[in-house]
Amino acid sequence: SVLAAEQRMFGETLRKLLAEGGAAKAARAWASGDTAPGRALWSAAAEAGVFAVAVPEADGGAGVLPVELAVAAEELGRAAAPGPYVETLAAAELLGGTPWPARIAEGDAVVSMAVPHALDADVADLVIAADGAERAAGEPLASLDPARRLFRVEGGGGFTDLGALLCAAQQIGLGRALLDVSVEYAKTRHQFGRPIGEYQAVKHHLASAMVELEFARPLVYGAALSYGTPDFARDVSAAKAAASEASYGMAKTALQVHGAIGYTDEYDPSLWIRKARALYSAWGTPSEHRARVMSAL
């Protein structure tokens with residue numbers, strides 16, 4: 001594994017917490033405008049230390065721990081947890097010298113970032129741009145993912161490397177969740193008297209999607225390890241481009257395996273499928289990130 005035992009334990013604890021907290025149910029409620037279950041999940045995540053690992057010790061956090069942050073983001077993606085987690089975590093490094101990092105560490109502050117649109121700005125305590133300057137959110141915008149409510153912001157745009165890294169980790173988590181549920185569905189769904197997972201075409205699609213995810217995940221954690229070095233921006237862009245392609249590819253495969261049921265609101269895979277498409281171009285498009293990698297070579 002690319003993770004140390006303590007980091008794996010952190011991820012496993014968070015995974016259990018998010019499952020027991022009903023993240024999928026909270027995501028549906030969030031999409032309908034009821035943020036109470038999502039805020040309860042947010043508080044539970046804060047108690048588990050999710051926000052503390054984004055904040056320096058001087059500001060009341062555990063110190064900025066990039067690998068632990070990536071672990072947290074991966075599990076939040078796997079659970080389809082609603083809310084601007086990535087934005088709040090990424091904002092902590094931009095708000096040093098203010099009271100905000102201490103509030104973030106406690107789970108007491110929800111921060112949105114305009115990159116270029118602001119996620120869940122209606123529930124955020126603060127909206128900032130990628131340069132750390134405060135912004136005012138405007139009208140709501142249509143979103144590919146109902147649980148990702150976007151708002152127009154004047155002067156929004158760009159992204160931060162840490163935010164792009166955490167978005168990539170989130171994509172790996174949702175991709176893995178879709179792979180797991182698709183494999184299980186392929187074992188139990190029968191067609192012509194056989195489980196569809198026995199058909200070579202289905203096996204091939206699932207295997208190809210799994211390989212893409214397996215190649216992208218080490219890039220994410222490799223980028224986390226390069227935090228604070230001159231290579232960080234390049235490594236983040238390589239990770240984000242790979243994670244975007246892998247998670248979106250997995251979403252398309254999941255939809256093929258499940259058929260139309262995969263996109264119905266009542267069925268959990270729809271939460272991840274929609275999020276995969278929305279995150280594909282969030283925090284920089286794959287082409288933008290590939291261009292950054294090329295310019296760094």
# chains A, B, ... in the order shown; residues from 1 in each chain; ligands from 1
call {"tool": "select_by_dssp", "arguments": {"residues": "segment 107-276 of chain A", "states": "helix (DSSP H, G or I)", "output": "MDAnalysis selection string"}}
result
chainID A and resid 161:188 196:198 200:225 232:263 269:276
call {"tool": "write_last_selection", "arguments": {"atoms": "C-alpha atoms", "output": "mmCIF file, in the first residue's frame"}}
result
data_model
loop_
_atom_site.group_PDB
_atom_site.id
_atom_site.type_symbol
_atom_site.label_atom_id
_atom_site.label_comp_id
_atom_site.auth_asym_id
_atom_site.auth_seq_id
_atom_site.Cartn_x
_atom_site.Cartn_y
_atom_site.Cartn_z
ATOM 1 C CA ASP A 161 -2.764 23.213 -6.235
ATOM 2 C CA LEU A 162 -3.897 21.810 -2.890
ATOM 3 C CA GLY A 163 -7.544 22.089 -3.921
ATOM 4 C CA ALA A 164 -6.836 20.339 -7.223
ATOM 5 C CA LEU A 165 -5.011 17.558 -5.368
ATOM 6 C CA LEU A 166 -7.907 17.023 -2.953
ATOM 7 C CA CYS A 167 -10.414 17.064 -5.802
ATOM 8 C CA ALA A 168 -8.332 14.344 -7.498
ATOM 9 C CA ALA A 169 -8.353 12.274 -4.300
ATOM 10 C CA GLN A 170 -12.121 12.735 -4.065
ATOM 11 C CA GLN A 171 -12.408 11.445 -7.646
ATOM 12 C CA ILE A 172 -10.389 8.331 -6.798
ATOM 13 C CA GLY A 173 -12.760 7.627 -3.906
ATOM 14 C CA LEU A 174 -15.911 7.960 -5.956
ATOM 15 C CA GLY A 175 -14.346 5.889 -8.740
ATOM 16 C CA ARG A 176 -13.550 3.090 -6.288
ATOM 17 C CA ALA A 177 -17.081 3.240 -4.894
ATOM 18 C CA LEU A 178 -18.520 2.903 -8.398
ATOM 19 C CA LEU A 179 -16.179 0.016 -9.177
ATOM 20 C CA ASP A 180 -17.193 -1.865 -6.027
ATOM 21 C CA VAL A 181 -20.935 -1.425 -6.584
ATOM 22 C CA SER A 182 -20.632 -2.295 -10.290
ATOM 23 C CA VAL A 183 -18.723 -5.507 -9.590
ATOM 24 C CA GLU A 184 -21.350 -6.553 -7.037
ATOM 25 C CA TYR A 185 -24.168 -5.730 -9.456
ATOM 26 C CA ALA A 186 -22.465 -7.736 -12.221
ATOM 27 C CA LYS A 187 -22.372 -10.770 -9.917
ATOM 28 C CA THR A 188 -26.085 -10.645 -9.067
ATOM 29 C CA ILE A 196 -23.680 -10.494 -16.495
ATOM 30 C CA GLY A 197 -20.249 -10.489 -14.827
ATOM 31 C CA GLU A 198 -19.493 -13.776 -16.576
ATOM 32 C CA GLN A 200 -16.231 -11.197 -21.386
ATOM 33 C CA ALA A 201 -17.297 -7.723 -22.512
ATOM 34 C CA VAL A 202 -18.462 -6.779 -19.017
ATOM 35 C CA LYS A 203 -15.298 -8.207 -17.421
ATOM 36 C CA HIS A 204 -13.151 -6.278 -19.881
ATOM 37 C CA HIS A 205 -14.864 -2.931 -19.199
ATOM 38 C CA LEU A 206 -14.616 -3.347 -15.430
ATOM 39 C CA ALA A 207 -10.982 -4.478 -15.586
ATOM 40 C CA SER A 208 -9.996 -1.543 -17.800
ATOM 41 C CA ALA A 209 -11.705 0.932 -15.461
ATOM 42 C CA MET A 210 -10.009 -0.650 -12.446
ATOM 43 C CA VAL A 211 -6.568 -0.400 -14.076
ATOM 44 C CA GLU A 212 -7.090 3.312 -14.782
ATOM 45 C CA LEU A 213 -8.019 3.933 -11.147
ATOM 46 C CA GLU A 214 -5.075 1.868 -9.917
ATOM 47 C CA PHE A 215 -2.674 3.904 -12.046
ATOM 48 C CA ALA A 216 -4.165 7.244 -10.979
ATOM 49 C CA ARG A 217 -4.186 6.616 -7.218
ATOM 50 C CA PRO A 218 -0.369 6.501 -6.731
ATOM 51 C CA LEU A 219 -0.107 9.740 -8.716
ATOM 52 C CA VAL A 220 -2.430 11.381 -6.185
ATOM 53 C CA TYR A 221 -0.432 10.211 -3.189
ATOM 54 C CA GLY A 222 2.859 10.921 -4.925
ATOM 55 C CA ALA A 223 1.675 14.491 -5.437
ATOM 56 C CA ALA A 224 0.687 14.709 -1.764
ATOM 57 C CA LEU A 225 4.227 13.703 -0.808
ATOM 58 C CA PHE A 232 4.157 20.028 -6.403
ATOM 59 C CA ALA A 233 2.259 21.901 -9.131
ATOM 60 C CA ARG A 234 3.468 19.518 -11.848
ATOM 61 C CA ASP A 235 2.692 16.428 -9.763
ATOM 62 C CA VAL A 236 -0.762 17.718 -8.835
ATOM 63 C CA SER A 237 -1.611 18.350 -12.483
ATOM 64 C CA ALA A 238 -0.497 14.845 -13.489
ATOM 65 C CA ALA A 239 -2.644 13.409 -10.690
ATOM 66 C CA LYS A 240 -5.697 15.528 -11.456
ATOM 67 C CA ALA A 241 -5.664 14.744 -15.184
ATOM 68 C CA ALA A 242 -5.358 11.007 -14.480
ATOM 69 C CA ALA A 243 -7.983 11.004 -11.718
ATOM 70 C CA SER A 244 -10.459 12.932 -13.857
ATOM 71 C CA GLU A 245 -10.136 10.501 -16.753
ATOM 72 C CA ALA A 246 -10.202 7.436 -14.483
ATOM 73 C CA SER A 247 -13.236 8.444 -12.423
ATOM 74 C CA TYR A 248 -15.235 9.646 -15.418
ATOM 75 C CA GLY A 249 -14.337 6.466 -17.304
ATOM 76 C CA MET A 250 -15.498 4.421 -14.315
ATOM 77 C CA ALA A 251 -18.769 6.366 -14.230
ATOM 78 C CA LYS A 252 -19.416 5.561 -17.898
ATOM 79 C CA THR A 253 -18.617 1.886 -17.273
ATOM 80 C CA ALA A 254 -20.911 1.813 -14.231
ATOM 81 C CA LEU A 255 -23.724 3.231 -16.315
ATOM 82 C CA GLN A 256 -23.148 0.566 -18.972
ATOM 83 C CA VAL A 257 -23.147 -2.216 -16.365
ATOM 84 C CA HIS A 258 -26.222 -0.983 -14.502
ATOM 85 C CA GLY A 259 -28.214 0.245 -17.465
ATOM 86 C CA ALA A 260 -30.846 2.930 -16.970
ATOM 87 C CA ILE A 261 -31.286 2.098 -13.276
ATOM 88 C CA GLY A 262 -27.811 3.521 -12.644
ATOM 89 C CA TYR A 263 -29.050 7.026 -13.331
ATOM 90 C CA PRO A 269 -24.740 4.872 -7.915
ATOM 91 C CA SER A 270 -26.450 7.887 -9.475
ATOM 92 C CA LEU A 271 -24.888 10.049 -6.737
ATOM 93 C CA TRP A 272 -21.374 9.050 -7.791
ATOM 94 C CA ILE A 273 -22.062 9.003 -11.536
ATOM 95 C CA ARG A 274 -23.299 12.602 -11.512
ATOM 96 C CA LYS A 275 -20.485 13.732 -9.245
ATOM 97 C CA ALA A 276 -17.876 12.104 -11.491
#
call {"tool": "residues_around", "arguments": {"residues": "segment 118-130 of chain A", "least_positions_apart": "4", "cutoff": "8 Å", "atoms": "only C-alpha atoms", "output": "CSV table (one decimal) with N, CA, C and O atoms, in the first residue's frame"}}
result
chain,number,residue,atom,x,y,z
A,83,GLY,N,-21.3,18.9,0.5
A,83,GLY,CA,-20.7,20.0,1.1
A,83,GLY,C,-19.3,20.4,0.6
A,83,GLY,O,-18.6,19.5,0.0
A,84,PRO,N,-18.9,21.6,0.8
A,84,PRO,CA,-17.6,22.1,0.2
A,84,PRO,C,-16.4,21.7,1.1
A,84,PRO,O,-15.6,22.5,1.6
A,87,GLU,N,-13.1,22.6,-0.7
A,87,GLU,CA,-12.9,24.0,-0.7
A,87,GLU,C,-12.5,24.5,0.6
A,87,GLU,O,-11.6,25.4,0.8
A,91,ALA,N,-8.9,26.1,1.5
A,91,ALA,CA,-8.9,27.5,1.9
A,91,ALA,C,-8.0,27.8,3.2
A,91,ALA,O,-7.5,28.9,3.3
A,109,ALA,N,-16.3,26.4,10.7
A,109,ALA,CA,-16.4,27.3,9.5
A,109,ALA,C,-16.5,26.5,8.2
A,109,ALA,O,-15.8,25.5,8.0
A,110,VAL,N,-17.5,26.9,7.4
A,110,VAL,CA,-17.7,26.3,6.1
A,110,VAL,C,-17.2,27.4,5.1
A,110,VAL,O,-17.8,28.5,5.1
A,111,VAL,N,-16.2,27.1,4.2
A,111,VAL,CA,-15.7,28.1,3.3
A,111,VAL,C,-15.9,27.5,1.9
A,111,VAL,O,-15.6,26.4,1.6
A,112,SER,N,-16.3,28.4,1.0
A,112,SER,CA,-16.4,28.1,-0.4
A,112,SER,C,-15.4,28.9,-1.2
A,112,SER,O,-14.9,30.0,-0.7
A,113,MET,N,-14.9,28.3,-2.3
A,113,MET,CA,-13.9,29.0,-3.1
A,113,MET,C,-14.5,29.1,-4.6
A,113,MET,O,-15.1,28.2,-5.1
A,114,ALA,N,-14.3,30.3,-5.1
A,114,ALA,CA,-14.8,30.6,-6.5
A,114,ALA,C,-13.8,30.1,-7.5
A,114,ALA,O,-12.8,30.9,-7.8
A,134,GLU,N,-11.7,37.8,-0.3
A,134,GLU,CA,-13.1,37.5,-0.1
A,134,GLU,C,-13.9,38.0,-1.3
A,134,GLU,O,-13.6,39.0,-1.9
A,135,ARG,N,-15.0,37.2,-1.6
A,135,ARG,CA,-15.9,37.5,-2.7
A,135,ARG,C,-17.3,37.4,-2.3
A,135,ARG,O,-17.6,36.7,-1.3
A,136,ALA,N,-18.2,38.0,-3.0
A,136,ALA,CA,-19.6,37.9,-2.8
A,136,ALA,C,-20.2,37.0,-3.8
A,136,ALA,O,-19.9,37.1,-5.0
A,137,ALA,N,-21.0,36.0,-3.4
A,137,ALA,CA,-21.7,35.1,-4.3
A,137,ALA,C,-22.9,35.7,-4.9
A,137,ALA,O,-23.6,36.5,-4.3
A,148,ARG,N,-24.2,19.3,-5.7
A,148,ARG,CA,-23.1,20.3,-5.9
A,148,ARG,C,-23.8,21.6,-6.3
A,148,ARG,O,-23.9,21.8,-7.5
A,149,ARG,N,-24.2,22.4,-5.4
A,149,ARG,CA,-25.0,23.6,-5.8
A,149,ARG,C,-24.0,24.8,-6.0
A,149,ARG,O,-23.3,25.2,-5.1
A,150,LEU,N,-24.0,25.3,-7.2
A,150,LEU,CA,-23.0,26.2,-7.7
A,150,LEU,C,-23.6,27.6,-7.7
A,150,LEU,O,-24.8,27.8,-8.0
A,151,PHE,N,-22.7,28.6,-7.5
A,151,PHE,CA,-23.2,30.0,-7.5
A,151,PHE,C,-22.2,30.9,-8.3
A,151,PHE,O,-20.9,30.7,-8.2
A,152,ARG,N,-22.7,31.8,-9.0
A,152,ARG,CA,-21.8,32.7,-9.8
A,152,ARG,C,-21.1,33.6,-8.9
A,152,ARG,O,-21.7,34.1,-7.9
A,153,VAL,N,-19.8,33.9,-9.2
A,153,VAL,CA,-19.1,34.9,-8.4
A,153,VAL,C,-18.3,35.8,-9.3
A,153,VAL,O,-17.6,35.3,-10.2
A,155,GLY,N,-15.3,37.8,-10.4
A,155,GLY,CA,-13.9,37.8,-10.0
A,155,GLY,C,-13.4,36.4,-9.6
A,155,GLY,O,-12.3,36.2,-9.1
A,156,GLY,N,-14.2,35.3,-9.9
A,156,GLY,CA,-13.8,34.0,-9.6
A,156,GLY,C,-12.9,33.5,-10.7
A,156,GLY,O,-12.8,34.1,-11.8
A,157,GLY,N,-12.3,32.3,-10.5
A,157,GLY,CA,-11.4,31.7,-11.6
A,157,GLY,C,-10.1,31.2,-11.0
A,157,GLY,O,-9.8,31.5,-9.8
A,158,GLY,N,-9.5,30.4,-11.8
A,158,GLY,CA,-8.2,29.8,-11.3
A,158,GLY,C,-8.5,28.7,-10.3
A,158,GLY,O,-9.6,28.3,-10.1
A,159,PHE,N,-7.4,28.2,-9.7
A,159,PHE,CA,-7.6,27.1,-8.7
A,159,PHE,C,-6.3,27.1,-7.9
A,159,PHE,O,-5.3,27.7,-8.3
A,160,THR,N,-6.3,26.4,-6.8
A,160,THR,CA,-5.1,26.2,-6.0
A,160,THR,C,-4.6,24.8,-6.2
A,160,THR,O,-5.4,23.9,-6.5
call {"tool": "select_by_dssp", "arguments": {"residues": "segment 106-275 of chain A", "states": "strand (DSSP E)", "output": "list in words"}}
result
Val111, Ser112, Met113, Ala114, Ala118, Leu119, Leu126, Val127, Ile128, Ala129, Ala137, Gly138, Glu139, Pro140, Leu141, Leu150, Phe151, Arg152, Val153, His190, Gln191, Arg194 and Pro195 of chain A
call {"tool": "closest_residue", "arguments": {"among": "A:His289, A:Ala92, A:Ala44, A:Asp145", "to": "Glu20 of chain A", "atoms": "only C-alpha atoms"}}
result
A:Ala44
call {"tool": "residues_around", "arguments": {"residues": "segment 39-42 of chain A", "least_positions_apart": "4", "cutoff": "10 Å", "atoms": "only C-alpha atoms", "output": "list of chain:residue names"}}
result
A:Leu17, A:Leu18, A:Glu20, A:Gly21, A:Gly22, A:Ala23, A:Ala26, A:Trp30, A:Asp34, A:Thr35, A:Ala46, A:Glu47, A:Ala48, A:Val50, A:Phe51, A:Ala81, A:Pro82, A:Gly83, A:Pro84, A:Tyr85, A:Gly107, A:Asp108, A:Val110, A:Val123
call {"tool": "atom_distance", "arguments": {"atom1": "atom CA of Gly11 of chain A", "atom2": "atom CA of Val71 of chain A"}}
result
5.8 Å
call {"tool": "atom_distance", "arguments": {"atom1": "atom CA of Pro286 of chain A", "atom2": "atom CA of Pro140 of chain A"}}
result
25.0 Å
call {"tool": "closest_residue", "arguments": {"among": "A:Ala19, A:Leu14, A:Leu297, A:Ala105", "to": "Glu93 of chain A", "atoms": "only C-alpha atoms"}}
result
A:Ala105
call {"tool": "closest_residue", "arguments": {"among": "A:Ala296, A:Val115, A:Arg8, A:Ala54", "to": "Glu74 of chain A", "atoms": "only C-alpha atoms"}}
result
A:Arg8
call {"tool": "atom_distance", "arguments": {"atom1": "atom CA of Ile104 of chain A", "atom2": "atom CA of Gly61 of chain A"}}
result
8.7 Å
